[in-house]
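Novice: Dropping a structure here in structure tokens format, bear with me for questions.
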Amino acid sequence: MTDTSHTYSAAAEAGRLRIRRTRWQRLQLELMKAPASAKIGLSIILFYAAMALFAPLIAPYGEAEILPQPYAPWSAEHWLGTDQIGRDILSRLIYGARNTIGIALLTTLLAFAIGGGLGLMAAISRGWLDQILSRGVDVVMAIPSLIFALMLLSVFGSSAASLILIIALLDSTRVFRLTRAVSVNVVVMDYIEAARVRGEGLGWIMRREILPNILPPLVAEFGLRFCFVFLTIASLSFLGVGIQPPTADWGSMVRETAQLIQFAKYDLSAAITPLIPAGAIAMITVGVNFTADWFLHKSSGLRDEQ
Amino acid sequence: MHPVLSTVLKRLMLGVLTLFMVSVVIFCAVSMLPGDFGQAVLGQSATEDAVEAFRQELGLDRPAALRYLDWIGALATGDLGTSFSGRSSSGIDRSRPVAELVAPRLANTLFLASVTAAIAVPLALFLGITSALWRNSLYDRLASAGTLVTISFPEFFVAYILILFLGTLWALFPSLAAVEPEMALGERLYKSVLPALTLTLVIVAHMMRMTRAAIISLLASPHIEMARLAGESPRRVILRHALPNAWAPIATVIAFNLAYLVVGVVVVEVVFVYPGVGQLMVDAVSSRDIPVVQACALIFAAAYILLNLLADVIGIITNPRLLHPK
Amino acid sequence: MSSKTQDVLLEMRDVRIEGFSDEHWNPIVKGVDLTLHRGEVLGLIGESGAGKSTLGLAAMGFVRAGCRISGGSIRFGDTDLRTASEAEKRRLWGTRLTYVAQSAAASFNPAHRLITQTANAAIREGLFSASEARGAARGLYQAMSLPEPDQIGLRYPHQVSGGQLQRVMTAMAMLPQPDLIVFDEPTTALDVTTQAEVLLAMRRIVEQHNTAAIYITHDLAVVAQMADTIKVLRHGQEVEEAPARNMLSAPKEAYTRSLWSVRKLEKVTKPASETVLAVDSVDAAYGTVKVLDDVTIRLPRGRTVSIVGESGSGKSTTARVIMGLLPPRRGQVVFEGSALPPGLKGRSKQQLRRIQMIYQMADTAMNPRHTVGEIIRRPLEFYHGLTGAAAEARVLELLEQIELGADFYDRLPSELSGGQKQRVCIARALAAEPDVIICDEVTSALDQIVQEGILRLLMRLQKECGISYLFITHDIATVQAISDEIVVMHKGKVVEQGPKEEILSPPHPEYTRLLLTSVPEMDPDWLTRLAASREAGTNPATG
């Protein structure tokens, strides 16, 4: 600090300036600086995405193809054996990625469309609409969502469509709360008032002023909500009221092969079989959690190591 | 009226109102049943008369408001309705009252939940508070990474790993937790070890992370720095300065996680074939036995609401601003 | 007050402190020496980021989490605070070394009574019995002119006002009869009239007990009242140190002089002209709370009218009424002879364009996700339909006008300093080509020299474009620097309105007198005079 000039010049005013980089350069830099957990998380997500996208190319057998031998042990033809009616477990595992992740993703997207939109509207209007929506959400959230989902599924039956709709609706309450909370913090900012005083319309304020600022926390939340939705659907399928056969899905695969675990003393590989889809579920949630955790820290500027 | 009392009363009223709204929502589930539901329950060969009689029993021909009053009135006297199962197309009715089905299982579930809570709550608070105090130590980092992994695991994954290792490879504990009413406490506990352990692992992870965050934000407040600058020892900083302000966040963390326990119990009961409300509910959902589903949902929701209510009340009665109004 | 002959109490040599951020250790204090004698009061002054609070805490041997002392020595009496164990330091803290924090409201524990907290350290270390300590606390409350000194200690922090809490905290620091008290910006969060009272009480008690103190502040006028010696810090280094009187009359360094640069600005007032904007007998309320009571203000074209008042006086609410953000209960806002619709929705684009506003916190007034270019462009596009190259050229022109260059076009607000941000906000207002700009405390969050720059810019723009300013502030120095006319507001009412010279010279209405006499002056004897005049209950001459 050898600044000895005391005549004021705004352009020369002390201020740490960041070197400007393109988006891509910044992204690369961020990735390089990311902690190991985030890198692991991202690789897991990429791996699963590839599996889901290219399932028909990778899987050795068809999704519901019934082969002559049920409960086949691990072998060269069937790496992970076959299940109780003779379907190749590895193939079902690969197709399962597509079905389970696909349905969870669709559900989360729907939940964000509903909860995010309504949350933003509630935060801006702050009137009767906000009151009604917020009280309604309070009531729905007073019932544990797995319990609520079980109840609704018993009424509407377990089809993929009703599963997606029910879970999305239930989960949208949490998205609503978060979106409303973040948006309320943004809405009170002076730049929103400045835009209103300028005469800007509601649409412009929502799109250009609010949205870019609530996006980072919402993206992180998307990861966490996806995990939650994914686990809920997996749990429901495991309980037998979620995704129905013959669709390959990890939750139901655990349920179908669960009894094999009792034979651990005789055939360890068979006993591990039900743990593989369960582990697949655990691994993707770990991956998404790690990534979202990193993103959350970055976007909120939180540094709890201080 | 003292502000604490009036705030508590307000919160209690809100709790009652929520419970009422929840009961309406749960009741409405029946009204949303599709038209051919009677047929589905009684079977394809059911006679027209049997289906019609069944519809009348459900009261689907009367206004919803009246049916709700009947239902809630019966509920108040402990009558939870009659199960759908045991009915048949021939019209013979061997169904049982829901209350009879639920009562023994509720006792089992409460037993499992209390055992879990008794282990998990002190353990999680201890881990959470210590890792907040020794922030960024190796201990804290390990605990943080470990719990992040554990909360990502579905309950059944944890459950099956435990079964694999502790139930079959080294058969230390039974992997089926078939408790019976006439069992002695010791045997009950022995049979419940694996389900309780599974729930504990899942809850501790959540609860420890939340406790840690709550304590860290508390320790960051300026009055804690002031206490340190007044020469208070670390022990006194925690006990005298942090703790009186920590009840509300800690109560919230505990209530939130016990509420989470309520949900976790469903899956765990199914895995270990533990005869509790959760398993009953899942069976009822599969067979679309609506009165049983309703009763179970109501029990879970009520437990959930009560726990949150309790946390808020603790928060209110320990808030110095409300205790000592202007 | 001077006591150089007495022995040295605190000796800091080449103290270096670093803080951890952005993944590495950055220097905060870069080798500062400090010597304090028994009974001496040292003022530490500097702008934000000068490292004065960090140095003040280091004088107690304390560093905040995320900071470390990386070099130098700190000796307090016969203790080496750098090598002393935590337990040794704890024996000094709260008894021989005490601390008065900036925000008393946040620094008291909400769960304990004030007297318990006041007496805590003294009882713990066995200096007093519990009853003696409580008695002494009540005595100090009395000495600090707190109301009901026997009762106030039984209250909890949230039951007492901010100014009173600050005095209780001083009593707490004084109770164990310490050797050294560190005051860390103790009056910064207070209103100016409250500040004068708290300063009086603090100085009296420090003098009575002949306690040594380090007084940290950014306000030279305040520190001149409290300190025997003043040390000026900048960027973690010492600029100069001198006895208070010498520092004010003959500063050696140019930087020191810049600390009161706003006070040196003078505006020659221009005579009133035709009214461009008028607030006409307006009542306004938030819900049932009435905040404006029959407010009438007129703003002449091409002039600056300042609204002064303390927090809660209704000055910002007046701005909200003018902007249409809060429709008045009664009365109207008149612009160029015709009444404006009360609410924002009723106003036309042209009406909105002609009155612009600049906010106190430039940080929150700019969308952090928009670049400087986008921010300034929007009003051009919105009001004047400028797009493409034409808009870009105009943005560059405006950037020149506010003394920033074209290379600011692509920057995000987070890449600007405080003063640069406020300039961009000014450019955004200018882009609309308004007749009136309402400036709501636009300089209060900035350092003196930056404030001066902004004020000069605003005055230049007024000369060039003939803009009228309604300038809302609580700072009398700023008022003096820029206004043609002054409006004094108190509790939602206009106390006085008129040309600057008239308002600032006696005779004054009661409130104006209180407000003006409470403003610290660049005169070491100001507080002494104020004390004398308040005790005598007479009307002091203002300087």
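Chain labels run A, B, ... following the order of the structure tokens; each chain numbers its residues from 1, and ligands are numbered from 1 in the order shown.
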Stretch 145-204 of chain B near stretch 227-238 of chain A within 8 Å: what's each residue's closest atom pair and its distance in Å to one decimal, counting only C-alpha atoms, ordered by chain then ascending residue number, as a tab-separated table?
Specialist:
```
residue	atom	partner	partner_atom	distance
B:Ser152	CA	A:Cys227	CA	7.7
B:Pro154	CA	A:Leu231	CA	6.2
B:Phe156	CA	A:Ser235	CA	7.8
```
Novice: If we count only C-alpha atoms and set the cut-off at 7 Å, which residues sit around stretch 216-222 of chain B, ignoring sequence neighbours fewer than 6 positions away in its own chain? Please answer as a compact mmCIF listing (two decimals) with all heavy atoms, in the first residue's frame.
Specialist:
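The resulting result08.txt:
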```txt
# COMPACT_ATOMS: atom_id res chain seq x y z
N ALA B 132 -19.40 -29.10 17.07
CA ALA B 132 -19.49 -27.65 16.94
C ALA B 132 -18.37 -26.97 17.72
O ALA B 132 -17.81 -25.97 17.28
CB ALA B 132 -20.85 -27.15 17.42
N ALA B 242 -24.34 -19.59 26.59
CA ALA B 242 -24.93 -20.16 25.37
C ALA B 242 -26.19 -20.96 25.70
O ALA B 242 -27.24 -20.80 25.07
CB ALA B 242 -23.92 -21.02 24.64
N ALA C 106 -26.76 -6.23 20.86
CA ALA C 106 -26.42 -7.61 20.50
C ALA C 106 -25.42 -8.21 21.46
O ALA C 106 -25.28 -9.42 21.53
CB ALA C 106 -25.87 -7.65 19.07
N SER C 107 -24.70 -7.36 22.20
CA SER C 107 -23.60 -7.87 23.01
C SER C 107 -24.00 -8.23 24.42
O SER C 107 -23.21 -8.81 25.15
CB SER C 107 -22.46 -6.85 23.04
OG SER C 107 -21.99 -6.66 21.72
```
Novice: As a PyMOL selection string, could you give me every residue of chain C near chain B (at most 10 Å apart, counting only C-alpha atoms)?
Specialist: chain C and resi 57+60-62+64-65+86-113+117+120-122+124-125+155-160+172-173
Novice: Find the spatial neighbours of A:Ala123, counting only C-alpha atoms, within a cut-off of 10 Å - ignore same-chain residues fewer than 3 positions away - and output them as a ChimeraX atom specification.
Specialist: /A:118-120,126-127,129-130,176-177,179-188
Novice: Find the spatial neighbours of C:Leu380, counting only C-alpha atoms, within a cut-off of 10 Å - ignore same-chain residues fewer than 2 positions away - and output them as a list in words.
Specialist: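 The filter keeps Ile375, Ile376, Arg377, Arg378, Phe382, Tyr383, His384, Gly385, Leu386, Thr387, Ala390, Ala391, Glu392, Arg394, Val395, Arg428, Leu430, Ala431, Ala432 and Glu433 of chain C.
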Novice: Residues of chain A within 6 Å of chain B, counting only C-alpha atoms - could you list those as a list in words?
Specialist: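 Output check: Val139, Ala142, Ile143, Ser154, Val155, Lys265, Ala278, Ala282, Thr285 and Val286 of chain A.
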Novice: Using only C-alpha atoms, which residues sit within 10 Å of C:Ile482 once same-chain residues fewer than 4 positions away are excluded, as number ranges by chain?
Specialist: C: 262, 265-269, 303-306, 455-456, 458-459, 469, 471, 477-478, 500
Novice: Could you build a table of the residues in chain C lying no more than 6 Å from chain A, giving for each the nearest pair of atoms and their separation in Å rounded to one decimal place, using only C-alpha atoms, ordered by chain and ascending residue number, as JSON lines?
Specialist:
```
{"residue": "C:Gly66", "atom": "CA", "partner": "A:Gln306", "partner_atom": "CA", "distance": 5.1}
{"residue": "C:Thr364", "atom": "CA", "partner": "A:Asp190", "partner_atom": "CA", "distance": 5.4}
{"residue": "C:Ala365", "atom": "CA", "partner": "A:Tyr191", "partner_atom": "CA", "distance": 4.2}
{"residue": "C:Met366", "atom": "CA", "partner": "A:Tyr191", "partner_atom": "CA", "distance": 5.1}
{"residue": "C:Asn367", "atom": "CA", "partner": "A:Tyr191", "partner_atom": "CA", "distance": 5.8}
{"residue": "C:Leu404", "atom": "CA", "partner": "A:Ala11", "partner_atom": "CA", "distance": 5.2}
{"residue": "C:Glu415", "atom": "CA", "partner": "A:Leu17", "partner_atom": "CA", "distance": 5.5}
{"residue": "C:Ser417", "atom": "CA", "partner": "A:Gly15", "partner_atom": "CA", "distance": 5.2}
```
Novice: With distances taken over only C-alpha atoms, which residue among C:Pro176, C:Val488, C:Ala171, C:Val232 lies nearest C:His508?
Specialist: C:Val488
